[in-house]
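*Asks:* Sharing data.cif, mmCIF, C-alpha atoms:
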data_target
#
loop_
_atom_site.label_atom_id
_atom_site.label_comp_id
_atom_site.auth_asym_id
_atom_site.auth_seq_id
_atom_site.Cartn_x
_atom_site.Cartn_y
_atom_site.Cartn_z
CA MET U 22 138.63 35.93 -29.71
CA THR U 23 137.97 39.55 -28.68
CA GLN U 24 136.35 40.17 -25.29
CA HIS U 25 134.17 43.26 -24.93
CA TYR U 26 133.44 45.25 -21.77
CA ARG U 27 131.21 48.22 -20.97
CA ILE U 28 132.95 50.62 -18.61
CA THR U 29 131.26 53.62 -17.01
CA LEU U 30 133.72 56.49 -16.53
CA LEU U 31 133.09 59.04 -13.78
CA PRO U 32 135.76 61.76 -14.25
CA GLY U 33 134.23 63.94 -11.54
CA ASP U 34 135.93 67.14 -10.42
CA GLY U 35 139.30 68.87 -10.16
CA ILE U 36 142.09 66.79 -11.67
CA GLY U 37 139.62 63.97 -12.39
CA PRO U 38 139.20 64.51 -16.14
CA GLU U 39 142.99 64.80 -16.66
CA ILE U 40 143.93 61.59 -14.90
CA MET U 41 140.95 59.72 -16.36
CA ALA U 42 142.12 60.56 -19.89
CA VAL U 43 145.48 58.93 -19.16
CA ALA U 44 143.87 55.77 -17.72
CA VAL U 45 141.57 55.41 -20.74
CA LYS U 46 144.50 55.69 -23.16
CA VAL U 47 146.49 53.10 -21.22
CA MET U 48 143.52 50.70 -21.19
CA GLN U 49 143.01 51.14 -24.92
CA VAL U 50 146.65 50.28 -25.63
CA VAL U 51 146.56 47.21 -23.36
CA GLY U 52 143.30 46.17 -24.99
CA GLN U 53 144.90 46.29 -28.44
CA HIS U 54 147.67 43.97 -27.27
CA LEU U 55 145.34 41.44 -25.62
CA ASN U 56 142.21 41.47 -27.83
CA LEU U 57 140.12 43.37 -25.30
CA THR U 58 137.73 46.09 -26.40
CA PHE U 59 136.18 48.66 -24.10
CA GLU U 60 133.00 50.61 -24.62
CA PHE U 61 133.48 53.70 -22.47
CA GLN U 62 130.43 55.67 -21.37
CA GLU U 63 130.91 58.86 -19.36
CA ALA U 64 128.58 60.14 -16.64
CA LEU U 65 128.34 62.96 -14.09
CA ILE U 66 128.95 62.71 -10.35
CA GLY U 67 129.96 65.06 -7.55
CA GLY U 68 130.43 68.77 -8.13
CA ALA U 69 130.18 68.45 -11.90
CA ALA U 70 126.78 66.78 -11.48
CA ILE U 71 125.63 69.43 -8.99
CA ASP U 72 126.51 72.21 -11.43
CA ALA U 73 124.74 70.47 -14.33
CA THR U 74 121.72 68.90 -12.64
CA GLY U 75 121.48 70.23 -9.08
CA GLU U 76 122.20 66.87 -7.44
CA PRO U 77 125.45 64.99 -6.69
CA LEU U 78 124.30 61.62 -8.10
CA PRO U 79 121.74 61.88 -10.92
CA ALA U 80 119.52 58.81 -11.36
CA LYS U 81 120.83 58.53 -14.93
CA THR U 82 124.39 58.08 -13.63
CA LEU U 83 123.41 55.32 -11.19
CA ASP U 84 121.42 53.50 -13.89
CA LEU U 85 124.38 53.69 -16.28
CA CYS U 86 126.73 52.32 -13.61
CA LYS U 87 124.38 49.43 -12.83
CA SER U 88 124.25 48.43 -16.50
CA SER U 89 128.04 48.34 -16.94
CA ASP U 90 130.66 45.65 -16.32
CA ALA U 91 132.70 47.95 -14.07
CA VAL U 92 132.87 51.59 -12.96
CA LEU U 93 136.04 53.70 -13.01
CA LEU U 94 135.90 56.86 -10.87
CA ALA U 95 138.51 59.63 -10.75
CA ALA U 96 137.86 62.17 -7.96
CA ILE U 97 135.06 64.32 -6.58
CA GLY U 98 134.65 67.48 -4.53
CA GLY U 99 136.33 70.84 -4.09
CA TYR U 100 136.15 74.11 -2.19
CA LYS U 101 133.40 75.36 -4.49
CA TRP U 102 130.81 72.97 -3.01
CA ASP U 103 132.00 72.82 0.63
CA THR U 104 129.31 75.19 1.92
CA LEU U 105 126.34 73.40 0.38
CA PRO U 106 123.86 71.56 2.62
CA ARG U 107 125.02 68.04 3.50
CA HIS U 108 122.56 66.30 1.16
CA LEU U 109 123.83 68.31 -1.81
CA ARG U 110 127.58 67.89 -1.31
CA PRO U 111 129.70 65.84 -3.75
CA GLU U 112 130.62 63.32 -1.02
CA THR U 113 126.93 62.50 -0.53
CA GLY U 114 126.83 61.45 -4.18
CA LEU U 115 129.73 59.06 -3.64
CA LEU U 116 128.09 57.51 -0.56
CA ALA U 117 124.87 57.12 -2.55
CA LEU U 118 126.75 55.46 -5.41
CA ARG U 119 128.36 52.93 -3.05
CA ALA U 120 124.98 52.20 -1.48
CA GLY U 121 123.19 52.06 -4.84
CA LEU U 122 125.67 49.52 -6.21
CA GLU U 123 125.65 47.65 -2.86
CA LEU U 124 129.43 47.90 -2.57
CA PHE U 125 130.14 46.72 0.96
CA ALA U 126 133.85 45.85 0.71
CA ASN U 127 136.60 48.40 0.08
CA LEU U 128 140.08 47.04 -0.72
CA ARG U 129 142.87 49.54 -0.11
CA PRO U 130 146.45 48.36 -0.81
CA ALA U 131 149.41 50.18 0.72
CA LYS U 132 152.57 48.79 -0.82
CA ILE U 133 156.01 50.38 -0.70
CA LEU U 134 157.49 50.69 -4.19
CA PRO U 135 161.28 50.40 -3.93
CA GLN U 136 161.76 53.32 -6.35
CA LEU U 137 159.80 55.64 -4.03
CA ILE U 138 160.90 54.45 -0.62
CA ASP U 139 162.68 57.72 0.18
CA ALA U 140 159.46 59.65 -0.51
CA SER U 141 157.99 58.19 2.68
CA SER U 142 158.09 60.45 5.74
CA LEU U 143 159.19 57.43 7.80
CA LYS U 144 162.70 56.00 7.91
CA ARG U 145 163.69 53.50 5.22
CA GLU U 146 164.26 50.74 7.80
CA VAL U 147 160.68 51.17 9.08
CA VAL U 148 158.83 51.07 5.75
CA GLU U 149 161.02 48.88 3.55
CA GLY U 150 159.05 45.82 2.45
CA VAL U 151 155.66 47.07 3.68
CA ASP U 152 152.76 45.44 1.79
CA ILE U 153 149.38 45.91 3.49
CA MET U 154 145.82 45.39 2.31
CA VAL U 155 143.10 47.18 4.29
CA VAL U 156 139.64 45.64 3.88
CA ARG U 157 137.13 48.29 5.00
CA GLU U 158 133.40 47.72 5.48
CA LEU U 159 131.77 50.35 3.30
CA THR U 160 127.98 50.50 3.61
CA GLY U 161 127.32 50.15 7.35
CA GLY U 162 128.63 51.59 10.58
CA ILE U 163 128.47 55.18 11.72
CA TYR U 164 128.21 56.71 8.24
CA PHE U 165 124.88 55.02 7.57
CA GLY U 166 123.44 54.21 11.02
CA GLN U 167 120.13 55.70 12.16
CA PRO U 168 119.20 57.93 13.91
CA LYS U 169 121.50 60.63 12.60
CA GLY U 170 121.24 64.40 12.49
CA VAL U 171 121.34 67.57 14.59
CA PHE U 172 118.41 67.80 16.98
CA ALA U 173 117.16 70.37 19.49
CA THR U 174 117.04 69.19 23.09
CA GLU U 175 114.35 70.13 25.61
CA THR U 176 116.50 73.07 26.70
CA GLY U 177 116.85 74.30 23.11
CA GLU U 178 120.50 73.28 22.88
CA LYS U 179 121.51 71.51 19.68
CA ARG U 180 122.73 67.89 19.90
CA GLY U 181 124.49 66.07 17.06
CA VAL U 182 123.85 62.33 16.74
CA ASN U 183 125.38 59.58 14.63
CA THR U 184 124.75 55.90 15.28
CA MET U 185 127.40 53.20 14.91
CA ALA U 186 125.57 49.95 14.21
CA TYR U 187 126.37 46.58 12.60
CA THR U 188 124.32 43.43 12.20
CA GLU U 189 125.81 39.95 12.34
CA SER U 190 125.25 39.43 8.60
CA GLU U 191 127.03 42.70 7.74
CA ILE U 192 130.04 41.68 9.81
CA ASP U 193 130.08 38.14 8.44
CA ARG U 194 130.09 39.18 4.79
CA ILE U 195 132.99 41.65 5.16
CA GLY U 196 134.78 39.11 7.35
CA ARG U 197 134.59 36.48 4.61
CA VAL U 198 135.99 38.94 2.05
CA ALA U 199 138.86 39.68 4.43
CA PHE U 200 139.66 36.02 5.13
CA GLU U 201 139.57 35.22 1.39
CA THR U 202 141.82 38.22 0.68
CA ALA U 203 144.30 37.17 3.38
CA ARG U 204 144.26 33.62 1.98
CA LYS U 205 145.54 35.01 -1.36
CA ARG U 206 148.29 36.98 0.39
CA ARG U 207 150.43 35.97 3.39
CA LYS U 208 147.56 34.33 5.31
CA GLN U 209 147.59 36.78 8.22
CA LEU U 210 144.46 38.76 9.17
CA CYS U 211 144.28 41.45 11.85
CA SER U 212 140.78 42.55 12.84
CA VAL U 213 140.67 46.09 14.23
CA ASP U 214 137.92 47.25 16.62
CA LYS U 215 137.30 49.05 19.92
CA ALA U 216 135.75 46.13 21.79
CA ASN U 217 136.99 47.36 25.18
CA VAL U 218 134.61 50.34 24.95
CA LEU U 219 131.99 49.79 22.21
CA GLU U 220 129.31 47.07 22.27
CA VAL U 221 129.11 47.17 18.46
CA SER U 222 132.83 46.35 18.39
CA GLN U 223 132.36 43.45 20.80
CA LEU U 224 129.81 41.95 18.38
CA TRP U 225 132.29 42.60 15.55
CA ARG U 226 135.05 40.73 17.42
CA ASP U 227 132.73 37.84 18.33
CA ARG U 228 131.61 37.34 14.70
CA ILE U 229 135.11 37.63 13.18
CA THR U 230 136.39 35.13 15.77
CA ALA U 231 133.54 32.72 14.92
CA LEU U 232 134.40 32.93 11.20
CA ALA U 233 138.02 31.96 11.84
CA SER U 234 137.11 28.26 12.16
CA GLU U 235 136.17 28.28 8.45
CA TYR U 236 139.66 29.50 7.54
CA PRO U 237 142.11 27.37 9.57
CA ASP U 238 144.96 28.31 7.20
CA VAL U 239 144.64 32.04 8.07
CA GLU U 240 146.20 33.34 11.29
CA LEU U 241 143.73 35.74 12.99
CA SER U 242 144.67 38.44 15.48
CA HIS U 243 142.75 41.34 17.04
CA MET U 244 143.86 44.89 17.81
CA TYR U 245 142.18 47.97 19.27
CA VAL U 246 142.01 50.83 16.77
CA ASP U 247 144.13 53.26 18.79
CA ASN U 248 146.93 50.68 19.08
CA ALA U 249 146.59 49.79 15.39
CA ALA U 250 147.07 53.46 14.45
CA MET U 251 150.22 53.55 16.55
CA GLN U 252 151.56 50.22 15.26
CA LEU U 253 151.09 51.29 11.61
CA VAL U 254 153.68 54.00 12.24
CA ARG U 255 155.86 52.05 14.69
CA ASN U 256 156.12 48.71 12.88
CA PRO U 257 153.97 48.52 9.74
CA ARG U 258 155.66 45.34 8.47
CA GLN U 259 153.79 43.31 11.10
CA PHE U 260 150.56 43.74 9.09
CA ASP U 261 149.43 41.73 6.08
CA THR U 262 145.63 42.08 5.77
CA ILE U 263 143.58 44.34 8.06
CA VAL U 264 139.78 44.16 8.33
CA THR U 265 137.77 46.84 10.10
CA GLY U 266 134.56 48.88 10.08
CA ASN U 267 133.67 51.93 8.05
CA LEU U 268 134.93 54.74 10.31
CA PHE U 269 138.10 53.01 11.52
CA GLY U 270 138.82 51.82 7.98
CA ASP U 271 138.46 55.33 6.58
CA ILE U 272 141.13 56.61 8.97
CA LEU U 273 143.54 53.66 8.99
CA SER U 274 143.57 53.19 5.21
CA ASP U 275 144.63 56.83 4.74
CA GLU U 276 147.32 56.42 7.41
CA ALA U 277 148.57 53.26 5.69
CA ALA U 278 148.53 55.09 2.35
CA MET U 279 150.91 57.76 3.62
CA LEU U 280 153.48 55.12 4.58
CA THR U 281 154.15 54.92 0.85
CA GLY U 282 155.12 58.58 0.57
CA SER U 283 152.40 59.78 -1.78
CA ILE U 284 148.67 59.23 -1.67
CA GLY U 285 148.86 59.99 -5.40
CA MET U 286 150.15 56.47 -6.05
CA LEU U 287 147.43 54.34 -4.51
CA PRO U 288 144.37 52.68 -6.07
CA SER U 289 141.33 51.12 -4.42
CA ALA U 290 138.52 48.71 -5.24
CA SER U 291 134.97 48.60 -3.88
CA MET U 292 133.12 45.35 -4.43
CA GLY U 293 129.67 43.93 -3.82
CA ALA U 294 128.24 40.43 -3.77
CA SER U 295 127.36 40.82 -7.47
CA GLY U 296 127.16 43.51 -10.13
CA PRO U 297 129.84 46.00 -11.16
CA GLY U 298 132.63 47.06 -8.83
CA LEU U 299 133.84 50.63 -8.36
CA PHE U 300 137.54 51.41 -8.81
CA GLU U 301 139.13 54.72 -7.85
CA PRO U 302 142.34 56.35 -6.62
CA VAL U 303 142.37 57.14 -2.91
CA HIS U 304 143.47 60.76 -3.40
CA GLY U 305 141.14 63.73 -3.70
CA SER U 306 140.32 66.08 -6.56
CA ALA U 307 143.22 68.50 -5.87
CA PRO U 308 141.40 71.56 -7.24
CA ASP U 309 144.48 73.74 -6.57
CA ILE U 310 146.37 72.03 -9.43
CA ALA U 311 143.44 71.21 -11.74
CA GLU U 312 143.91 71.95 -15.46
CA GLN U 313 147.61 72.72 -14.94
CA ASP U 314 148.99 69.37 -16.20
CA LYS U 315 150.60 68.76 -12.78
CA ALA U 316 148.49 65.82 -11.59
CA ASN U 317 149.93 62.37 -10.93
CA PRO U 318 147.84 59.90 -13.02
CA LEU U 319 149.50 56.75 -11.67
CA ALA U 320 146.92 56.00 -8.96
CA GLN U 321 144.16 56.31 -11.56
CA VAL U 322 146.07 54.00 -13.91
CA LEU U 323 146.66 51.50 -11.10
CA SER U 324 142.93 51.70 -10.27
CA ALA U 325 142.25 50.69 -13.87
CA ALA U 326 144.63 47.75 -13.30
CA MET U 327 142.67 46.77 -10.16
CA MET U 328 139.49 46.99 -12.23
CA LEU U 329 140.94 44.62 -14.82
CA ARG U 330 142.16 42.20 -12.13
CA TYR U 331 139.27 42.16 -9.65
CA GLY U 332 136.33 43.45 -11.68
CA LEU U 333 136.87 41.94 -15.13
CA ASN U 334 139.09 38.94 -14.32
CA GLN U 335 141.82 40.03 -16.74
CA PRO U 336 144.98 39.51 -14.65
CA GLU U 337 147.36 39.61 -17.63
CA ALA U 338 146.13 43.07 -18.62
CA ALA U 339 146.48 44.22 -15.00
CA ASP U 340 150.01 42.81 -14.82
CA ARG U 341 151.03 44.68 -17.96
CA ILE U 342 149.78 48.00 -16.64
CA GLU U 343 151.48 47.51 -13.27
CA GLN U 344 154.72 46.55 -15.01
CA ALA U 345 154.52 49.69 -17.18
CA VAL U 346 154.16 51.83 -14.02
CA MET U 347 157.23 50.14 -12.50
CA LYS U 348 159.16 50.68 -15.74
CA VAL U 349 158.55 54.43 -15.90
CA LEU U 350 159.53 54.73 -12.24
CA ASP U 351 162.69 52.68 -12.90
CA GLU U 352 163.47 55.16 -15.69
CA GLY U 353 163.40 57.98 -13.13
CA LYS U 354 160.24 59.63 -14.43
CA ARG U 355 158.26 61.48 -11.77
CA THR U 356 155.37 63.89 -11.33
CA GLY U 357 155.74 66.74 -8.86
CA ASP U 358 154.28 64.95 -5.83
CA ILE U 359 156.89 62.16 -6.01
CA MET U 360 159.78 64.19 -7.44
CA SER U 361 163.24 63.77 -5.96
CA GLU U 362 166.75 64.90 -6.85
CA GLY U 363 168.17 63.45 -10.07
CA MET U 364 164.77 62.37 -11.44
CA THR U 365 162.95 63.68 -14.53
CA LEU U 366 159.90 65.85 -13.83
CA LEU U 367 156.90 65.11 -16.08
CA GLY U 368 153.41 66.54 -16.32
CA CYS U 369 150.26 64.44 -16.33
CA GLN U 370 150.05 64.05 -20.12
CA ALA U 371 153.76 63.29 -20.51
CA MET U 372 153.52 60.61 -17.82
CA GLY U 373 150.67 59.08 -19.81
CA GLU U 374 152.81 59.07 -22.96
CA ALA U 375 155.65 57.43 -21.02
CA LEU U 376 153.27 54.68 -19.85
CA VAL U 377 152.10 54.04 -23.43
CA GLN U 378 155.75 53.76 -24.56
CA ALA U 379 156.45 51.33 -21.71
CA LEU U 380 153.46 49.20 -22.77
CA ASP U 381 154.63 49.11 -26.39
#
Could you express the structure from this file as structure tokens?
*Replies:*
Amino acid sequence: MTQHYRITLLPGDGIGPEIMAVAVKVMQVVGQHLNLTFEFQEALIGGAAIDATGEPLPAKTLDLCKSSDAVLLAAIGGYKWDTLPRHLRPETGLLALRAGLELFANLRPAKILPQLIDASSLKREVVEGVDIMVVRELTGGIYFGQPKGVFATETGEKRGVNTMAYTESEIDRIGRVAFETARKRRKQLCSVDKANVLEVSQLWRDRITALASEYPDVELSHMYVDNAAMQLVRNPRQFDTIVTGNLFGDILSDEAAMLTGSIGMLPSASMGASGPGLFEPVHGSAPDIAEQDKANPLAQVLSAAMMLRYGLNQPEAADRIEQAVMKVLDEGKRTGDIMSEGMTLLGCQAMGEALVQALD
């Protein structure tokens, strides 16, 4: 029996359309093998949406996303839009999309692939065997707290304000996602905060600690964010699952990503309590190499695999895509960002063709 899914595609800016085309082709081939059909509908976001409509997230795009089974995003932004007012920048559209879909949990894996271990800037003995999942709270904290803005003081001097705030319910729901995620992995959860300085972090620590009694099989530890940043470089193998707030998670998940050698290899998933999830690579739009067939599509393809696994509950399809990625890497095929001596350099389209061959 054929299963049918509606997928909203958001190619976005820069290399986005190139890597999205590869992911779509790979999904179509996997679908043919496993009796899955996909109805792809494309929509505008980010700089492309600004150029076409004057706003970074048109209402039509959000409505389309809400009506789909899952959303696959490529990349947004670029130098062209960096000088626009804050409310008109591409990144504002992405924040609005996350909020509009009520996506409060961001899952960011950082796993060392044995074929690429020497691409890491850290020594082999430090990063070998690293397999970390960062669970980042996505719709609260300092990025959304009020008041925010630049205000004039009584003396006429400008004062910038952002508010870091979390409620108990916001902490509890991301905490439960983290405990459940750790339960499916190695059953170790490290909660990262700054409770020695910030009251909001003390509440965070109190709530995460209270939740631990519901998950007696998961070992919970706590770490201050500055120490966690240091430990990720010093001894990353000590971590299994990390849970933290929006700001700290933004920074630590990028640091964890670079343990793997290339941010061009890493997918992510953003999930809500219900409705479609959002799946995207963690890298940017790389406008300097756009339309040159130099982009690495593997993170986009692996994001499609995460979508199949977590968003559509199709683990076999996800497994096949991940195995195809491992196969092309085993064959020594590389894009420029992960190229090393003795390997075969491929462009974006050729890497896509190699993945299709591996699937067949």
*Asks:* In Å, with one decimal, what is the gap from CA of Lys348 (chain U) to CA of Gly363 (chain U)?
*Replies:* 16.6 Å
*Asks:* Looking at all atoms listed in the file, which of U:Thr29, U:Gln49, U:Ser142, U:Thr74 is the one that sits closest to Ala278 (chain U)?
*Replies:*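 With all atoms listed in the file as the atom set, the closest residue is U:Ser142.
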*Asks:* Run through the PyMOL selection byres ((chain U and resi 328-331) around 10) on the given coordinates and return the selected residues as a PyMOL selection string.
*Replies:* chain U and resi 28+48+90-93+288-292+297-301+322-327+332-340+342
*Asks:* Enumerate, as a CSV table (one decimal) with C-alpha atoms, keeping the file's coordinate frame, the residues matched when the PyMOL selection byres ((chain U and resi 304-309) around 12) is run on the file above.
*Replies:*
chain,number,residue,atom,x,y,z
U,32,PRO,CA,135.8,61.8,-14.2
U,33,GLY,CA,134.2,63.9,-11.5
U,34,ASP,CA,135.9,67.1,-10.4
U,35,GLY,CA,139.3,68.9,-10.2
U,36,ILE,CA,142.1,66.8,-11.7
U,37,GLY,CA,139.6,64.0,-12.4
U,38,PRO,CA,139.2,64.5,-16.1
U,39,GLU,CA,143.0,64.8,-16.7
U,40,ILE,CA,143.9,61.6,-14.9
U,41,MET,CA,141.0,59.7,-16.4
U,67,GLY,CA,130.0,65.1,-7.6
U,68,GLY,CA,130.4,68.8,-8.1
U,69,ALA,CA,130.2,68.4,-11.9
U,94,LEU,CA,135.9,56.9,-10.9
U,95,ALA,CA,138.5,59.6,-10.8
U,96,ALA,CA,137.9,62.2,-8.0
U,97,ILE,CA,135.1,64.3,-6.6
U,98,GLY,CA,134.6,67.5,-4.5
U,99,GLY,CA,136.3,70.8,-4.1
U,100,TYR,CA,136.2,74.1,-2.2
U,101,LYS,CA,133.4,75.4,-4.5
U,102,TRP,CA,130.8,73.0,-3.0
U,111,PRO,CA,129.7,65.8,-3.8
U,112,GLU,CA,130.6,63.3,-1.0
U,129,ARG,CA,142.9,49.5,-0.1
U,274,SER,CA,143.6,53.2,5.2
U,275,ASP,CA,144.6,56.8,4.7
U,278,ALA,CA,148.5,55.1,2.4
U,279,MET,CA,150.9,57.8,3.6
U,283,SER,CA,152.4,59.8,-1.8
U,284,ILE,CA,148.7,59.2,-1.7
U,285,GLY,CA,148.9,60.0,-5.4
U,286,MET,CA,150.2,56.5,-6.0
U,287,LEU,CA,147.4,54.3,-4.5
U,288,PRO,CA,144.4,52.7,-6.1
U,289,SER,CA,141.3,51.1,-4.4
U,301,GLU,CA,139.1,54.7,-7.8
U,302,PRO,CA,142.3,56.4,-6.6
U,303,VAL,CA,142.4,57.1,-2.9
U,310,ILE,CA,146.4,72.0,-9.4
U,311,ALA,CA,143.4,71.2,-11.7
U,312,GLU,CA,143.9,72.0,-15.5
U,313,GLN,CA,147.6,72.7,-14.9
U,314,ASP,CA,149.0,69.4,-16.2
U,315,LYS,CA,150.6,68.8,-12.8
U,316,ALA,CA,148.5,65.8,-11.6
U,317,ASN,CA,149.9,62.4,-10.9
U,318,PRO,CA,147.8,59.9,-13.0
U,319,LEU,CA,149.5,56.8,-11.7
U,320,ALA,CA,146.9,56.0,-9.0
U,321,GLN,CA,144.2,56.3,-11.6
U,324,SER,CA,142.9,51.7,-10.3
U,358,ASP,CA,154.3,65.0,-5.8
*Asks:* Put the listed atoms of region 205-221 of chain U in a box along x, y and z with 4 Å added on every side and give me the centre and edge lengths in Å to one decimal, as JSON.
*Replies:*
{"center_x": 139.8, "center_y": 42.3, "center_z": 11.9, "size_x": 29.3, "size_y": 24.0, "size_z": 34.5}
*Asks:* Please evaluate the PyMOL selection byres ((chain U and resi 157) around 12) against the structure above and give the resulting residues as an MDAnalysis selection string.
*Replies:* chainID U and resid 124:130 154:156 158:162 191:192 194:196 198:199 202 212:214 262:275 289:292
*Asks:* Measuring atom to atom with only C-alpha atoms, identify which of U:Ile153, U:Ala379, U:Cys369, U:Ala203 is nearest to Asp238 (chain U).
*Replies:* U:Ala203
*Asks:* Given all atoms listed in the file as the basis, pick out the residue of U:Cys86, U:Val147, U:Leu366, U:Ile359 nearest to Arg119 (chain U).
*Replies:*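 Nearest candidate to Arg119 (chain U) out of U:Cys86, U:Val147, U:Leu366, U:Ile359: U:Cys86.
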*Asks:* Would you mind telling me which residue in U:Ser295, U:Gln223, U:Ser89, U:Gln209 lies nearest to Arg27 (chain U) when using all atoms listed in the file?
*Replies:*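 Residue with the minimum atom-to-atom distance to Arg27 (chain U): U:Ser89.
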*Asks:* Looking at all atoms listed in the file, which of U:Glu374, U:Asp351, U:Glu60, U:Glu343 is the one that sits closest to Lys46 (chain U)?
*Replies:* U:Glu374
*Asks:* With distances taken over only C-alpha atoms, which residue among U:Gly353, U:Gly373, U:Pro168, U:Pro257 lies nearest Gly150 (chain U)?
*Replies:* U:Pro257
*Asks:* Could you jot down the CA of Arg255 (chain U) to CA of Val239 (chain U) separation for me, Å, one decimal place?
*Replies:*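 Rounded to one decimal, the two atoms are 23.9 Å apart.
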*Asks:* Could you give me, as JSON lines, a per-residue list for region 354-379 of chain U showing, wherever an atom lies at most 10 Å from an atom of region 50-56 of chain U, the closest pair of atoms and their distance in Å to one decimal, using all atoms listed in the file and sorting by chain then residue number from low to high?
*Replies:*
{"residue": "U:Leu376", "atom": "CA", "partner": "U:Val50", "partner_atom": "CA", "distance": 9.8}
{"residue": "U:Val377", "atom": "CA", "partner": "U:Val50", "partner_atom": "CA", "distance": 7.0}
{"residue": "U:Gln378", "atom": "CA", "partner": "U:Val50", "partner_atom": "CA", "distance": 9.8}
*Asks:* How would region 161-172 of chain U look with N, CA, C and O atoms restored, written as a compact mmCIF listing (two decimals), in the coordinates of the input?
*Replies:*
# COMPACT_ATOMS: atom_id res chain seq x y z
N GLY U 161 127.94 50.19 6.03
CA GLY U 161 127.32 50.15 7.35
C GLY U 161 128.05 51.08 8.30
O GLY U 161 128.74 52.00 7.89
N GLY U 162 127.91 50.81 9.59
CA GLY U 162 128.63 51.59 10.58
C GLY U 162 128.09 52.99 10.76
O GLY U 162 126.94 53.31 10.39
N ILE U 163 128.92 53.86 11.27
CA ILE U 163 128.47 55.18 11.72
C ILE U 163 128.08 56.11 10.58
O ILE U 163 127.33 57.06 10.77
N TYR U 164 128.55 55.84 9.36
CA TYR U 164 128.21 56.71 8.24
C TYR U 164 126.78 56.49 7.75
O TYR U 164 126.23 57.34 7.07
N PHE U 165 126.22 55.34 8.06
CA PHE U 165 124.88 55.02 7.57
C PHE U 165 123.87 54.74 8.68
O PHE U 165 122.68 54.65 8.41
N GLY U 166 124.33 54.58 9.92
CA GLY U 166 123.44 54.21 11.02
C GLY U 166 122.39 55.27 11.32
O GLY U 166 122.61 56.46 11.14
N GLN U 167 121.24 54.81 11.77
CA GLN U 167 120.13 55.70 12.16
C GLN U 167 119.84 55.51 13.65
O GLN U 167 119.97 54.41 14.17
N PRO U 168 119.43 56.56 14.39
CA PRO U 168 119.20 57.93 13.91
C PRO U 168 120.49 58.70 13.68
O PRO U 168 121.52 58.37 14.23
N LYS U 169 120.39 59.73 12.83
CA LYS U 169 121.50 60.63 12.60
C LYS U 169 120.94 62.03 12.37
O LYS U 169 119.82 62.18 11.87
N GLY U 170 121.70 63.04 12.74
CA GLY U 170 121.24 64.40 12.49
C GLY U 170 121.58 65.32 13.64
O GLY U 170 122.23 64.92 14.62
N VAL U 171 121.19 66.57 13.53
CA VAL U 171 121.34 67.57 14.59
C VAL U 171 119.96 67.91 15.10
O VAL U 171 119.08 68.34 14.34
N PHE U 172 119.75 67.66 16.39
CA PHE U 172 118.41 67.80 16.98
C PHE U 172 118.44 68.83 18.12
O PHE U 172 119.47 69.03 18.76
